[in-house]
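To be precise, the following lines are query15.cif, and they hold mmCIF, C-alpha atoms.
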data_input
loop_
_atom_site.label_atom_id
_atom_site.label_comp_id
_atom_site.auth_asym_id
_atom_site.auth_seq_id
_atom_site.Cartn_x
_atom_site.Cartn_y
_atom_site.Cartn_z
CA MET B 1 0.00 0.00 0.00
CA ILE B 2 1.28 3.44 -0.88
CA THR B 3 1.83 5.48 2.25
CA THR B 4 1.06 9.15 2.76
CA ARG B 5 4.78 9.75 3.19
CA THR B 6 5.52 8.32 -0.24
CA ILE B 7 2.83 10.44 -1.86
CA ARG B 8 4.19 13.55 -0.15
CA LEU B 9 7.66 12.71 -1.42
CA TRP B 10 6.41 12.25 -5.01
CA TYR B 11 4.48 15.49 -4.71
CA ARG B 12 7.59 17.40 -3.53
CA ILE B 13 9.68 15.88 -6.31
CA HIS B 14 7.01 16.85 -8.84
CA LYS B 15 6.75 20.39 -7.50
CA TRP B 16 10.46 21.17 -7.31
CA SER B 17 11.62 19.44 -10.47
CA SER B 18 8.84 21.27 -12.36
CA LEU B 19 9.51 24.65 -10.81
CA ILE B 20 13.22 24.55 -11.64
CA CYS B 21 12.79 23.55 -15.27
CA THR B 22 9.56 25.37 -16.17
CA ALA B 23 11.08 28.59 -17.52
CA PHE B 24 13.55 26.65 -19.67
CA LEU B 25 10.85 24.26 -20.82
CA LEU B 26 8.50 27.06 -21.80
CA MET B 27 11.30 28.53 -23.90
CA ALA B 28 12.04 25.11 -25.41
CA CYS B 29 8.37 24.47 -26.22
CA MET B 30 7.87 27.87 -27.82
CA THR B 31 11.05 27.84 -29.89
CA GLY B 32 10.43 24.18 -30.69
CA LEU B 33 7.03 24.92 -32.20
CA PRO B 34 8.35 26.70 -35.33
CA LEU B 35 11.38 24.39 -35.42
CA ILE B 36 9.07 21.39 -35.98
CA PHE B 37 8.34 22.94 -39.37
CA HIS B 38 11.92 24.02 -40.09
CA GLU B 39 11.97 22.31 -43.49
CA GLU B 40 8.74 23.93 -44.65
CA LEU B 41 9.66 27.34 -43.16
CA GLY B 42 13.20 27.11 -44.48
CA ASP B 43 11.91 26.60 -48.01
CA MET B 44 9.62 29.60 -47.59
CA LEU B 45 12.20 31.92 -46.00
CA ASP B 46 15.15 31.18 -48.24
CA HIS B 47 14.90 31.63 -51.93
CA HIS B 48 15.63 28.06 -52.77
CA VAL B 49 17.24 27.05 -56.05
CA ALA B 50 15.87 23.62 -56.82
CA PRO B 51 17.98 20.93 -58.47
CA ALA B 52 16.98 19.83 -61.97
CA LYS B 53 14.39 17.08 -62.35
CA MET B 54 16.16 13.96 -63.56
CA PRO B 55 15.06 10.36 -63.99
CA GLU B 56 15.93 8.09 -61.09
CA ASN B 57 19.27 6.30 -61.25
CA THR B 58 20.88 9.20 -63.11
CA ALA B 59 24.59 8.97 -62.36
CA PRO B 60 25.79 11.55 -59.81
CA ALA B 61 28.20 14.27 -60.86
CA SER B 62 31.77 14.39 -59.58
CA LEU B 63 32.16 15.41 -55.93
CA ASP B 64 35.78 16.41 -56.58
CA LYS B 65 34.66 19.00 -59.12
CA MET B 66 32.11 20.36 -56.63
CA VAL B 67 34.80 20.70 -53.95
CA ASP B 68 37.04 22.53 -56.46
CA ALA B 69 34.20 24.84 -57.45
CA ALA B 70 33.36 25.54 -53.79
CA GLN B 71 37.01 26.30 -53.08
CA ARG B 72 37.13 28.76 -55.98
CA LYS B 73 33.90 30.36 -54.77
CA LEU B 74 35.13 30.75 -51.16
CA PRO B 75 38.92 30.91 -51.46
CA ALA B 76 39.50 32.05 -47.87
CA LEU B 77 37.84 28.94 -46.39
CA HIS B 78 38.73 25.26 -46.27
CA PRO B 79 36.54 22.28 -47.15
CA TYR B 80 35.18 20.84 -43.90
CA SER B 81 32.66 18.24 -45.03
CA ILE B 82 30.30 17.17 -47.78
CA ALA B 83 26.67 16.38 -46.97
CA LEU B 84 24.34 14.55 -49.34
CA ASP B 85 20.76 15.74 -48.92
CA ASP B 86 18.26 12.99 -48.04
CA ASP B 87 15.23 14.63 -49.58
CA GLU B 88 16.54 16.28 -52.71
CA PRO B 89 19.33 15.51 -55.16
CA ARG B 90 21.50 18.16 -53.59
CA VAL B 91 25.06 18.10 -52.33
CA LEU B 92 26.31 20.62 -49.78
CA VAL B 93 30.01 21.35 -49.59
CA ILE B 94 30.58 22.83 -46.13
CA MET B 95 33.44 25.34 -45.90
CA THR B 96 34.92 26.70 -42.66
CA PRO B 97 37.77 29.02 -41.66
CA SER B 98 39.26 26.59 -39.12
CA PRO B 99 39.17 22.87 -38.23
CA LYS B 100 36.94 23.49 -35.21
CA PRO B 101 34.66 26.32 -36.26
CA ALA B 102 32.07 28.09 -34.12
CA ALA B 103 28.43 27.44 -34.99
CA LYS B 104 28.20 30.70 -36.95
CA ASP B 105 31.25 29.98 -39.09
CA PHE B 106 29.84 27.20 -41.27
CA HIS B 107 29.42 28.27 -44.89
CA PHE B 108 28.01 26.05 -47.59
CA VAL B 109 27.92 25.86 -51.34
CA SER B 110 25.16 23.66 -52.70
CA PHE B 111 25.25 21.73 -55.98
CA ASP B 112 22.88 19.73 -58.12
CA GLU B 113 23.80 16.12 -57.39
CA HIS B 114 23.23 15.03 -60.99
CA THR B 115 24.38 17.93 -63.14
CA GLY B 116 27.04 19.27 -60.76
CA ARG B 117 25.70 22.79 -61.30
CA MET B 118 26.30 25.22 -58.43
CA LEU B 119 22.95 26.16 -56.88
CA GLU B 120 23.60 28.63 -54.07
CA THR B 121 25.93 29.64 -51.27
CA GLY B 122 25.03 30.54 -47.73
CA GLN B 123 25.94 30.59 -44.11
CA SER B 124 24.43 27.80 -42.04
CA ALA B 125 23.94 29.75 -38.85
CA ALA B 126 22.31 32.77 -40.46
CA GLY B 127 18.59 33.33 -40.48
CA PRO B 128 15.82 33.16 -37.89
CA LEU B 129 15.55 29.36 -37.78
CA SER B 130 19.22 28.85 -36.89
CA TRP B 131 18.84 31.57 -34.28
CA LEU B 132 15.84 29.72 -32.80
CA LEU B 133 17.67 26.40 -32.92
CA ARG B 134 20.68 27.78 -31.07
CA LEU B 135 18.42 29.31 -28.43
CA HIS B 136 16.49 26.02 -28.18
CA GLU B 137 19.49 23.77 -27.78
CA GLU B 138 22.17 25.86 -26.09
CA LEU B 139 20.83 29.30 -25.05
CA PHE B 140 23.68 30.77 -27.17
CA LEU B 141 26.09 29.44 -24.51
CA GLY B 142 27.83 26.71 -26.48
CA LEU B 143 28.50 23.35 -24.83
CA GLY B 144 27.76 24.70 -21.34
CA GLY B 145 24.32 25.83 -22.47
CA GLU B 146 23.75 22.53 -24.23
CA LEU B 147 24.48 20.61 -21.03
CA LEU B 148 22.32 22.99 -18.99
CA MET B 149 19.40 22.36 -21.38
CA GLY B 150 20.13 18.64 -21.07
CA ALA B 151 19.90 18.90 -17.27
CA MET B 152 16.60 20.80 -17.64
CA ALA B 153 15.30 18.08 -19.97
CA LEU B 154 16.23 15.49 -17.32
CA LEU B 155 14.38 17.47 -14.63
CA PHE B 156 11.41 17.68 -16.98
CA ALA B 157 11.44 13.90 -17.43
CA ILE B 158 11.53 13.53 -13.61
CA ALA B 159 8.64 16.02 -13.33
CA VAL B 160 6.62 14.03 -15.88
CA VAL B 161 7.17 10.70 -14.13
CA SER B 162 6.48 12.08 -10.63
CA GLY B 163 3.44 13.87 -12.07
CA GLY B 164 2.16 10.53 -13.33
CA LEU B 165 2.65 9.09 -9.83
CA VAL B 166 0.79 11.85 -7.96
CA TYR B 167 -1.98 11.71 -10.57
CA GLY B 168 -3.29 8.55 -8.90
CA PRO B 169 -3.88 9.91 -5.39
CA PHE B 170 -5.25 13.20 -6.74
CA MET B 171 -7.71 11.46 -9.04
CA LYS B 172 -9.03 8.98 -6.47
CA ARG B 173 -12.45 10.57 -6.44
CA LEU B 174 -12.54 11.90 -9.98
CA ASN B 175 -13.30 9.98 -13.12
CA PHE B 176 -10.80 10.00 -15.95
CA GLY B 177 -11.18 13.08 -18.13
CA THR B 178 -12.93 15.19 -15.50
CA TYR B 179 -13.07 18.81 -16.61
CA ARG B 180 -15.39 20.93 -14.50
CA GLN B 181 -16.23 23.83 -16.79
CA ALA B 182 -18.52 25.56 -14.33
CA ALA B 183 -16.18 25.25 -11.36
CA PRO B 184 -13.97 28.04 -9.95
CA ARG B 185 -10.89 28.88 -11.98
CA ARG B 186 -8.40 26.98 -9.85
CA THR B 187 -10.49 23.82 -10.07
CA ARG B 188 -10.71 24.19 -13.84
CA TRP B 189 -6.95 24.66 -14.17
CA PHE B 190 -6.39 21.73 -11.81
CA ASP B 191 -8.55 19.56 -14.07
CA LEU B 192 -6.82 20.90 -17.17
CA HIS B 193 -3.37 20.20 -15.71
CA ASN B 194 -4.37 16.64 -14.81
CA LEU B 195 -6.15 15.83 -18.06
CA LEU B 196 -3.53 17.28 -20.41
CA GLY B 197 -0.65 16.09 -18.27
CA ILE B 198 -1.73 12.47 -18.07
CA VAL B 199 -2.84 12.19 -21.71
CA THR B 200 0.39 13.69 -23.12
CA LEU B 201 2.58 11.92 -20.53
CA VAL B 202 4.32 9.49 -22.88
CA TRP B 203 4.97 12.11 -25.55
CA ALA B 204 6.37 14.53 -22.97
CA LEU B 205 8.54 11.82 -21.43
CA VAL B 206 9.92 10.90 -24.86
CA MET B 207 10.69 14.58 -25.53
CA GLY B 208 12.50 14.89 -22.19
CA ALA B 209 14.51 11.70 -22.64
CA THR B 210 15.47 12.39 -26.28
CA GLY B 211 16.25 15.99 -25.30
CA VAL B 212 18.77 14.67 -22.78
CA MET B 213 20.23 12.39 -25.47
CA ASN B 214 20.57 15.27 -27.93
CA ALA B 215 22.22 17.48 -25.34
CA LEU B 216 24.75 14.73 -24.74
CA SER B 217 25.50 14.26 -28.43
CA THR B 218 28.53 16.57 -28.49
CA PRO B 219 30.22 14.92 -25.48
CA LEU B 220 29.19 11.44 -26.69
CA PHE B 221 30.73 11.95 -30.11
CA GLY B 222 33.77 13.36 -28.34
CA LEU B 223 33.93 10.23 -26.19
CA TRP B 224 33.72 8.05 -29.28
CA ARG B 225 36.51 10.02 -30.95
CA MET B 226 38.62 9.61 -27.83
CA GLN B 227 37.97 5.88 -27.52
CA ALA B 228 37.67 4.62 -31.06
CA LEU B 229 39.89 6.84 -33.14
CA PRO B 230 43.27 6.84 -31.31
CA PRO B 231 43.92 3.08 -31.80
CA LEU B 232 43.02 3.43 -35.49
CA LEU B 233 45.12 6.53 -35.93
CA ALA B 234 48.11 5.47 -33.81
CA PRO B 235 50.17 4.33 -36.82
CA PHE B 236 49.85 7.78 -38.35
CA HIS B 237 50.60 9.69 -35.20
CA GLY B 238 52.69 12.81 -35.70
CA LYS B 239 52.56 12.64 -39.46
CA PRO B 240 51.38 15.83 -41.14
CA THR B 241 48.23 16.08 -43.24
CA PRO B 242 49.20 15.39 -46.84
CA VAL B 243 48.98 18.41 -49.12
CA HIS B 244 47.46 16.55 -52.03
CA LEU B 245 44.33 14.66 -51.10
CA ARG B 246 43.22 11.72 -53.15
CA SER B 247 39.93 11.82 -55.03
CA VAL B 248 36.76 12.04 -52.94
CA ASP B 249 34.86 10.23 -55.71
CA ALA B 250 37.25 7.28 -55.64
CA SER B 251 37.11 7.15 -51.83
CA VAL B 252 33.32 7.22 -51.82
CA ALA B 253 33.20 4.48 -54.46
CA GLU B 254 35.53 2.38 -52.32
CA VAL B 255 33.31 2.74 -49.24
CA ALA B 256 30.11 2.15 -51.23
CA ALA B 257 31.56 -1.10 -52.56
CA ALA B 258 32.53 -2.20 -49.04
CA MET B 259 29.07 -1.42 -47.58
CA PRO B 260 26.46 -2.84 -49.93
CA GLY B 261 22.93 -1.65 -49.25
CA MET B 262 24.13 1.52 -47.55
CA LYS B 263 23.81 5.08 -48.79
CA ILE B 264 26.68 7.53 -48.39
CA ASP B 265 25.50 10.31 -46.12
CA SER B 266 28.44 12.59 -45.47
CA ILE B 267 32.18 12.92 -45.84
CA LEU B 268 34.40 14.65 -43.31
CA PHE B 269 37.66 16.09 -44.63
CA PRO B 270 40.96 15.44 -42.82
CA ASN B 271 40.75 17.37 -39.59
CA PRO B 272 43.42 17.37 -36.89
CA VAL B 273 41.03 18.61 -34.21
CA ILE B 274 37.79 16.69 -34.50
CA ALA B 275 38.70 13.64 -36.58
CA SER B 276 41.72 12.22 -38.33
CA PRO B 277 44.46 14.47 -39.77
CA ARG B 278 44.96 12.15 -42.73
CA HIS B 279 41.69 10.37 -43.45
CA TYR B 280 38.37 11.10 -44.96
CA VAL B 281 35.71 9.92 -42.49
CA ILE B 282 32.83 8.69 -44.62
CA PHE B 283 29.44 8.05 -43.00
CA ALA B 284 26.89 5.77 -44.64
CA ASN B 285 23.31 5.09 -43.63
CA GLY B 286 20.96 2.19 -44.20
CA THR B 287 18.19 2.66 -46.73
CA THR B 288 15.12 1.43 -44.81
CA PRO B 289 13.25 3.89 -42.56
CA ILE B 290 14.78 2.48 -39.38
CA THR B 291 18.30 1.70 -40.61
CA SER B 292 18.52 5.10 -42.34
CA ARG B 293 18.95 6.49 -38.83
CA LEU B 294 21.86 4.20 -38.11
CA SER B 295 25.19 5.15 -39.53
CA SER B 296 28.35 3.26 -40.13
CA ALA B 297 31.65 4.95 -40.77
CA ALA B 298 34.82 4.24 -42.71
CA LEU B 299 38.18 5.94 -42.68
CA ILE B 300 39.95 6.36 -46.01
CA ASP B 301 43.61 7.28 -45.99
CA VAL B 302 43.86 10.43 -48.11
CA GLU B 303 47.21 9.35 -49.56
CA THR B 304 47.09 5.60 -50.03
CA GLY B 305 43.32 5.05 -50.16
CA GLY B 306 43.64 2.35 -47.51
CA MET B 307 40.30 1.76 -45.79
CA THR B 308 39.51 1.14 -42.13
CA LEU B 309 35.88 0.22 -41.48
CA VAL B 310 34.31 1.40 -38.26
CA LYS B 311 31.17 -0.53 -39.03
CA ASN B 312 29.46 -0.68 -35.70
CA LEU B 313 29.27 2.62 -33.96
CA PRO B 314 28.92 2.08 -30.18
CA TRP B 315 25.46 1.56 -28.72
CA TYR B 316 25.25 5.05 -27.25
CA LEU B 317 25.75 6.66 -30.65
CA ARG B 318 23.20 4.31 -32.22
CA ALA B 319 20.73 5.18 -29.45
CA LEU B 320 21.46 8.83 -30.16
CA GLU B 321 20.82 8.44 -33.87
CA VAL B 322 17.48 6.70 -33.31
CA SER B 323 16.46 9.22 -30.66
CA ARG B 324 16.91 12.23 -32.94
CA PRO B 325 13.78 11.78 -35.09
CA LEU B 326 11.77 10.98 -31.95
CA HIS B 327 12.66 14.44 -30.69
CA PHE B 328 12.14 16.33 -33.95
CA GLY B 329 8.99 14.55 -35.17
CA ASP B 330 10.30 14.72 -38.72
CA TYR B 331 9.90 11.07 -39.65
CA GLY B 332 6.28 10.76 -40.71
CA GLY B 333 5.37 13.55 -43.08
CA LEU B 334 3.54 16.80 -42.45
CA PRO B 335 0.60 15.24 -40.51
CA LEU B 336 3.04 13.92 -37.90
CA LYS B 337 4.56 17.40 -37.59
CA ILE B 338 1.11 18.89 -37.03
CA LEU B 339 0.41 16.29 -34.32
CA TRP B 340 3.81 17.15 -32.80
CA ALA B 341 2.82 20.82 -32.73
CA LEU B 342 -0.49 20.01 -31.00
CA PHE B 343 1.27 17.90 -28.36
CA ASP B 344 3.73 20.77 -27.93
CA ILE B 345 0.89 23.26 -27.37
CA ALA B 346 -0.73 20.86 -24.89
CA THR B 347 2.60 20.69 -23.03
CA ILE B 348 2.75 24.50 -22.89
CA ALA B 349 -0.73 24.41 -21.33
CA VAL B 350 0.45 21.85 -18.76
CA LEU B 351 3.44 24.05 -17.86
CA VAL B 352 1.40 27.24 -17.60
CA SER B 353 -1.38 25.59 -15.59
CA GLY B 354 1.25 24.06 -13.32
CA VAL B 355 2.74 27.47 -12.57
CA TYR B 356 -0.76 28.87 -12.06
CA LEU B 357 -1.62 26.11 -9.57
CA TRP B 358 1.57 26.85 -7.66
CA LEU B 359 1.04 30.63 -7.65
CA SER B 360 -2.67 30.78 -7.03
CA LYS B 361 -4.04 30.59 -3.58
CA LYS B 362 -5.71 27.30 -2.93
CA SER B 363 -9.40 27.48 -2.36
CA ALA B 364 -10.78 25.96 0.79
CA PHE B 365 -12.10 23.19 -1.41
CA GLU B 366 -8.70 22.34 -2.84
CA ILE B 367 -7.03 22.34 0.55
CA GLU B 368 -9.73 20.09 1.89
CA MET B 369 -9.42 17.75 -1.05
CA GLU B 370 -5.66 17.60 -0.99
CA GLN B 371 -5.69 16.92 2.74
CA ALA B 372 -8.29 14.24 2.30
CA VAL B 373 -6.21 12.71 -0.48
CA LEU B 374 -2.98 12.86 1.43
CA ALA B 375 -4.54 11.57 4.63
CA ALA B 376 -6.23 8.66 2.90
CA MET M 1 -16.09 12.88 1.84
CA SER M 2 -17.65 9.53 1.95
CA GLN M 3 -17.99 9.11 -1.80
CA THR M 4 -16.66 5.97 -3.39
CA GLN M 5 -12.94 5.90 -4.01
CA LEU M 6 -11.57 4.59 -7.23
CA THR M 7 -9.04 1.79 -7.13
CA PRO M 8 -5.63 2.46 -8.69
CA TRP M 9 -6.67 0.24 -11.58
CA GLN M 10 -9.75 2.39 -12.18
CA VAL M 11 -7.67 5.58 -12.03
CA TYR M 12 -4.89 4.38 -14.29
CA ARG M 13 -6.60 2.13 -16.85
CA TRP M 14 -7.43 4.86 -19.38
CA PRO M 15 -4.06 6.60 -18.98
CA ALA M 16 -2.42 3.19 -19.52
CA VAL M 17 -4.41 2.57 -22.70
CA LEU M 18 -3.53 6.04 -24.01
CA ALA M 19 0.14 5.53 -23.10
CA ALA M 20 0.21 2.29 -25.08
CA ILE M 21 -1.48 3.99 -28.04
CA THR M 22 1.05 6.85 -27.91
CA VAL M 23 4.03 4.47 -27.79
CA ALA M 24 2.68 2.54 -30.79
CA GLY M 25 1.99 5.80 -32.64
CA LEU M 26 5.51 7.09 -32.03
CA LEU M 27 7.11 3.84 -33.18
CA PHE M 28 5.02 2.96 -36.25
CA ALA M 29 6.25 5.86 -38.40
CA LEU M 30 9.81 5.00 -37.41
CA PHE M 31 9.57 1.51 -38.88
CA GLY M 32 8.13 2.32 -42.27
CA ASP M 33 6.57 4.80 -44.66
CA GLY M 34 3.14 4.93 -46.28
CA VAL M 35 0.66 2.83 -44.30
CA TRP M 36 2.99 2.89 -41.28
CA ASP M 37 2.98 6.70 -41.27
CA ALA M 38 -0.80 6.81 -41.64
CA THR M 39 -1.21 4.39 -38.71
CA SER M 40 0.96 6.69 -36.62
CA TRP M 41 -1.17 9.70 -37.49
CA ILE M 42 -4.36 7.93 -36.44
CA LEU M 43 -2.87 6.54 -33.21
CA LEU M 44 -1.29 9.84 -32.14
CA ALA M 45 -4.48 11.75 -32.91
CA ILE M 46 -6.41 9.62 -30.38
CA PRO M 47 -4.95 11.23 -27.21
CA LEU M 48 -5.56 14.69 -28.67
CA VAL M 49 -9.16 13.82 -29.50
CA VAL M 50 -9.60 12.52 -25.93
CA ILE M 51 -8.41 15.89 -24.59
CA ALA M 52 -10.63 17.90 -26.92
CA SER M 53 -13.73 15.81 -26.27
CA ASN M 54 -13.34 15.90 -22.49
CA MET M 55 -12.90 19.66 -22.52
CA THR M 56 -15.85 20.41 -24.75
CA ILE M 57 -18.49 17.79 -24.03
CA ARG M 58 -20.47 18.48 -20.92
CA LYS M 59 -20.75 15.50 -18.69
CA ASN M 60 -22.58 15.17 -15.43
CA THR M 61 -21.59 11.65 -14.64
CA ASN M 62 -17.90 12.15 -14.24
CA ILE M 63 -17.91 13.92 -10.92
CA ARG M 64 -17.99 11.83 -7.83
CA MET M 65 -17.20 14.77 -5.62
CA ASN M 66 -20.09 16.29 -3.72
CA HIS M 67 -20.55 19.58 -5.47
CA SER M 68 -22.56 21.19 -2.70
CA ARG M 69 -19.27 21.69 -0.91
CA LEU M 70 -18.24 24.23 -3.50
#
Encoding of this model in structure tokens:
Amino acid sequence: MITTRTIRLWYRIHKWSSLICTAFLLMACMTGLPLIFHEELGDMLDHHVAPAKMPENTAPASLDKMVDAAQRKLPALHPYSIALDDDEPRVLVIMTPSPKPAAKDFHFVSFDEHTGRMLETGQSAAGPLSWLLRLHEELFLGLGGELLMGAMALLFAIAVVSGGLVYGPFMKRLNFGTYRQAAPRRTRWFDLHNLLGIVTLVWALVMGATGVMNALSTPLFGLWRMQALPPLLAPFHGKPTPVHLRSVDASVAEVAAAMPGMKIDSILFPNPVIASPRHYVIFANGTTPITSRLSSAALIDVETGGMTLVKNLPWYLRALEVSRPLHFGDYGGLPLKILWALFDIATIAVLVSGVYLWLSKKSAFEIEMEQAVLAA
Amino acid sequence: MSQTQLTPWQVYRWPAVLAAITVAGLLFALFGDGVWDATSWILLAIPLVVIASNMTIRKNTNIRMNHSRL
């Protein structure tokens, strides 16, 4: 039997974990709302040069030529990575001033994957959506802010679980779904908080948990680099980055042949700070909806073309990859995004009603009921 | 307050059903496209419909509390 003491403890945990994270969560919910539709809004906000319509299975154009063209376009910057767009036949060559650039220093030149024609150039962290994203994930504070938001997401998850636990005692005399429209305001908000909170519980818990995962992505990838890369790179230790890099196209072809059924997703250029000083790191994804979230990686020596497969990324990076779509809601078309937005609005209502219940003076009725519940 | 108390099972059965529906809805779209996505949309819409209907439809039967105390 659940004792009054236990219920009081759950209630305190619910109250304090909520109070600490509420301001951050409100910000996250409100900035998250437009970010759900970042693809649609991005297309609307940016003038977007579309790649040419080509029949499927058209051979892709040379990546090497695109890198050369990007280098000529932005001569002061260095190639950082190449990203192949999932949705459109587009290739982005990412150019940066240094090996470990700040979030605002990523520039890109986009190309038509089939014709190789240059489409547009831009800066990745410019524009209102990038601004919102940086506020949402790191409060403009870099890694420290990211970890702070991760801690707030963890508190939110604790608040959701403890909220689910105190729901029971509070609803002992109320049927599921009770919403007393004619009752005093505090009673109405109490009902609203309970109804919305319990119905959106799983969604909110998933958001909190995947939010924690996302906040940990930078340190987790760092951990992987520290654990997995040094043994692979030990033989090349101290050797400088070669001046002439071998063909990206040939390296990609090599990896594609070694990983049948996988689609090349991105290519990281030699990078002494975040990756290997003398390898391309090539990431490939599966092609089914679930495996497309799971990447494998290969290192290609930029001089000899020798390949080292890092096929199985560790479990924590796989968990991270699968958790990303569950946070963004971008894996089931526009209807799923609209549902995501509605859940998000419901969560805002839970947060606001929670603050209201804490701030507002309890009516005699509420005090009586809570005492009766807690004494039961 | 001598009204009947609900058992934990009575309190939590509908939340449990909705939680299961939400989990299924979140996962279906992850495993496939087309029909899988559509199944997700339907499943995830159910909790939202439950909220909307409880907040708009007037019910007199759902209150076990003695209202005269208000």
Task: Shell of 12 Å around Ala256 in chain B, all atoms listed in the file, local chain residues under 4 positions omitted, as a list in words - done: Asp249, Ala250, Ser251, Val252, Pro260, Gly261, Met262, Lys263, Ile264, Asp265, Ile282, Phe283, Ala284, Asn285, Gly286, Ser296, Ala297, Ala298, Ile300, Met307 and Leu309 of chain B
Save out the residues we just selected, C-alpha atoms, as a tab-separated table (two decimals), in the coordinates of the input.
chain	number	residue	atom	x	y	z
B	249	ASP	CA	34.86	10.23	-55.71
B	250	ALA	CA	37.25	7.28	-55.64
B	251	SER	CA	37.11	7.15	-51.83
B	252	VAL	CA	33.32	7.22	-51.82
B	260	PRO	CA	26.46	-2.84	-49.93
B	261	GLY	CA	22.93	-1.65	-49.25
B	262	MET	CA	24.13	1.52	-47.55
B	263	LYS	CA	23.81	5.08	-48.79
B	264	ILE	CA	26.68	7.53	-48.39
B	265	ASP	CA	25.50	10.31	-46.12
B	282	ILE	CA	32.83	8.69	-44.62
B	283	PHE	CA	29.44	8.05	-43.00
B	284	ALA	CA	26.89	5.77	-44.64
B	285	ASN	CA	23.31	5.09	-43.63
B	286	GLY	CA	20.96	2.19	-44.20
B	296	SER	CA	28.35	3.26	-40.13
B	297	ALA	CA	31.65	4.95	-40.77
B	298	ALA	CA	34.82	4.24	-42.71
B	300	ILE	CA	39.95	6.36	-46.01
B	307	MET	CA	40.30	1.76	-45.79
B	309	LEU	CA	35.88	0.22	-41.48
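CA of Ile348 in chain B lies 16.2 Å from CA of Arg188 in chain B.
From CA of His244 in chain B back to CA of Ala258 in chain B, the distance works out to 24.2 Å.
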TODO: Give me the result of the PyMOL selection byres ((chain B and resi 342) around 12) on this file, residue by residue, as an NGL selection string.
DONE: (:B and (29-30 or 32-34 or 36 or 196 or 200 or 203-204 or 329 or 335-341 or 343-349)) or (:M and (44-49 or 51-52))
Could you dump the residues just selected with C-alpha atoms as a PDB file, in the coordinates of the input?
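Final output, saved to selection_16.pdb:
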ATOM      1  CA  CYS B  29       8.370  24.470 -26.220  1.00  0.00           C
ATOM      2  CA  MET B  30       7.870  27.870 -27.820  1.00  0.00           C
ATOM      3  CA  GLY B  32      10.430  24.180 -30.690  1.00  0.00           C
ATOM      4  CA  LEU B  33       7.030  24.920 -32.200  1.00  0.00           C
ATOM      5  CA  PRO B  34       8.350  26.700 -35.330  1.00  0.00           C
ATOM      6  CA  ILE B  36       9.070  21.390 -35.980  1.00  0.00           C
ATOM      7  CA  LEU B 196      -3.530  17.280 -20.410  1.00  0.00           C
ATOM      8  CA  THR B 200       0.390  13.690 -23.120  1.00  0.00           C
ATOM      9  CA  TRP B 203       4.970  12.110 -25.550  1.00  0.00           C
ATOM     10  CA  ALA B 204       6.370  14.530 -22.970  1.00  0.00           C
ATOM     11  CA  GLY B 329       8.990  14.550 -35.170  1.00  0.00           C
ATOM     12  CA  PRO B 335       0.600  15.240 -40.510  1.00  0.00           C
ATOM     13  CA  LEU B 336       3.040  13.920 -37.900  1.00  0.00           C
ATOM     14  CA  LYS B 337       4.560  17.400 -37.590  1.00  0.00           C
ATOM     15  CA  ILE B 338       1.110  18.890 -37.030  1.00  0.00           C
ATOM     16  CA  LEU B 339       0.410  16.290 -34.320  1.00  0.00           C
ATOM     17  CA  TRP B 340       3.810  17.150 -32.800  1.00  0.00           C
ATOM     18  CA  ALA B 341       2.820  20.820 -32.730  1.00  0.00           C
ATOM     19  CA  PHE B 343       1.270  17.900 -28.360  1.00  0.00           C
ATOM     20  CA  ASP B 344       3.730  20.770 -27.930  1.00  0.00           C
ATOM     21  CA  ILE B 345       0.890  23.260 -27.370  1.00  0.00           C
ATOM     22  CA  ALA B 346      -0.730  20.860 -24.890  1.00  0.00           C
ATOM     23  CA  THR B 347       2.600  20.690 -23.030  1.00  0.00           C
ATOM     24  CA  ILE B 348       2.750  24.500 -22.890  1.00  0.00           C
ATOM     25  CA  ALA B 349      -0.730  24.410 -21.330  1.00  0.00           C
TER      26      ALA B 349
ATOM     27  CA  LEU M  44      -1.290   9.840 -32.140  1.00  0.00           C
ATOM     28  CA  ALA M  45      -4.480  11.750 -32.910  1.00  0.00           C
ATOM     29  CA  ILE M  46      -6.410   9.620 -30.380  1.00  0.00           C
ATOM     30  CA  PRO M  47      -4.950  11.230 -27.210  1.00  0.00           C
ATOM     31  CA  LEU M  48      -5.560  14.690 -28.670  1.00  0.00           C
ATOM     32  CA  VAL M  49      -9.160  13.820 -29.500  1.00  0.00           C
ATOM     33  CA  ILE M  51      -8.410  15.890 -24.590  1.00  0.00           C
ATOM     34  CA  ALA M  52     -10.630  17.900 -26.920  1.00  0.00           C
TER      35      ALA M  52
END
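All residues of protein, DNA or RNA that reach within 9 Å of range 2-18 of chain M, judged by all atoms listed in the file and not counting those fewer than 6 positions away in the chain, are Tyr167, Gly168, Pro169, Met171, Lys172, Arg173, Leu174, Asn175, Phe176, Ile198, Val199, Thr200, Leu201 and Val202 of chain B; Ile46, Pro47, Arg64, Met65 and Asn66 of chain M.
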I'd like to see the residues matched by the PyMOL selection byres ((chain B and resi 60-63) around 6) on this file, and ideally I'd get them as a compact mmCIF listing (two decimals) with C-alpha atoms, in the coordinates of the input.
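File produced: result_17.txt:
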# COMPACT_ATOMS: atom_id res chain seq x y z
CA ALA B 59 24.59 8.97 -62.36
CA ASP B 64 35.78 16.41 -56.58
CA LYS B 65 34.66 19.00 -59.12
CA MET B 66 32.11 20.36 -56.63
CA GLU B 113 23.80 16.12 -57.39
CA HIS B 114 23.23 15.03 -60.99
CA THR B 115 24.38 17.93 -63.14
CA GLY B 116 27.04 19.27 -60.76
CA ASP B 249 34.86 10.23 -55.71
Open item on the list: Tell me as a list in words which residues belonging to chain M come within 6 Å of chain B, counting all atoms listed in the file.
Closed with: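 Output check: Gln5, Leu6, Ala19, Ala29, Leu30, Phe31, Gly32, Asp37, Trp41, Pro47, Asn54, Met55, Asn62, Ile63 and Arg64 of chain M.
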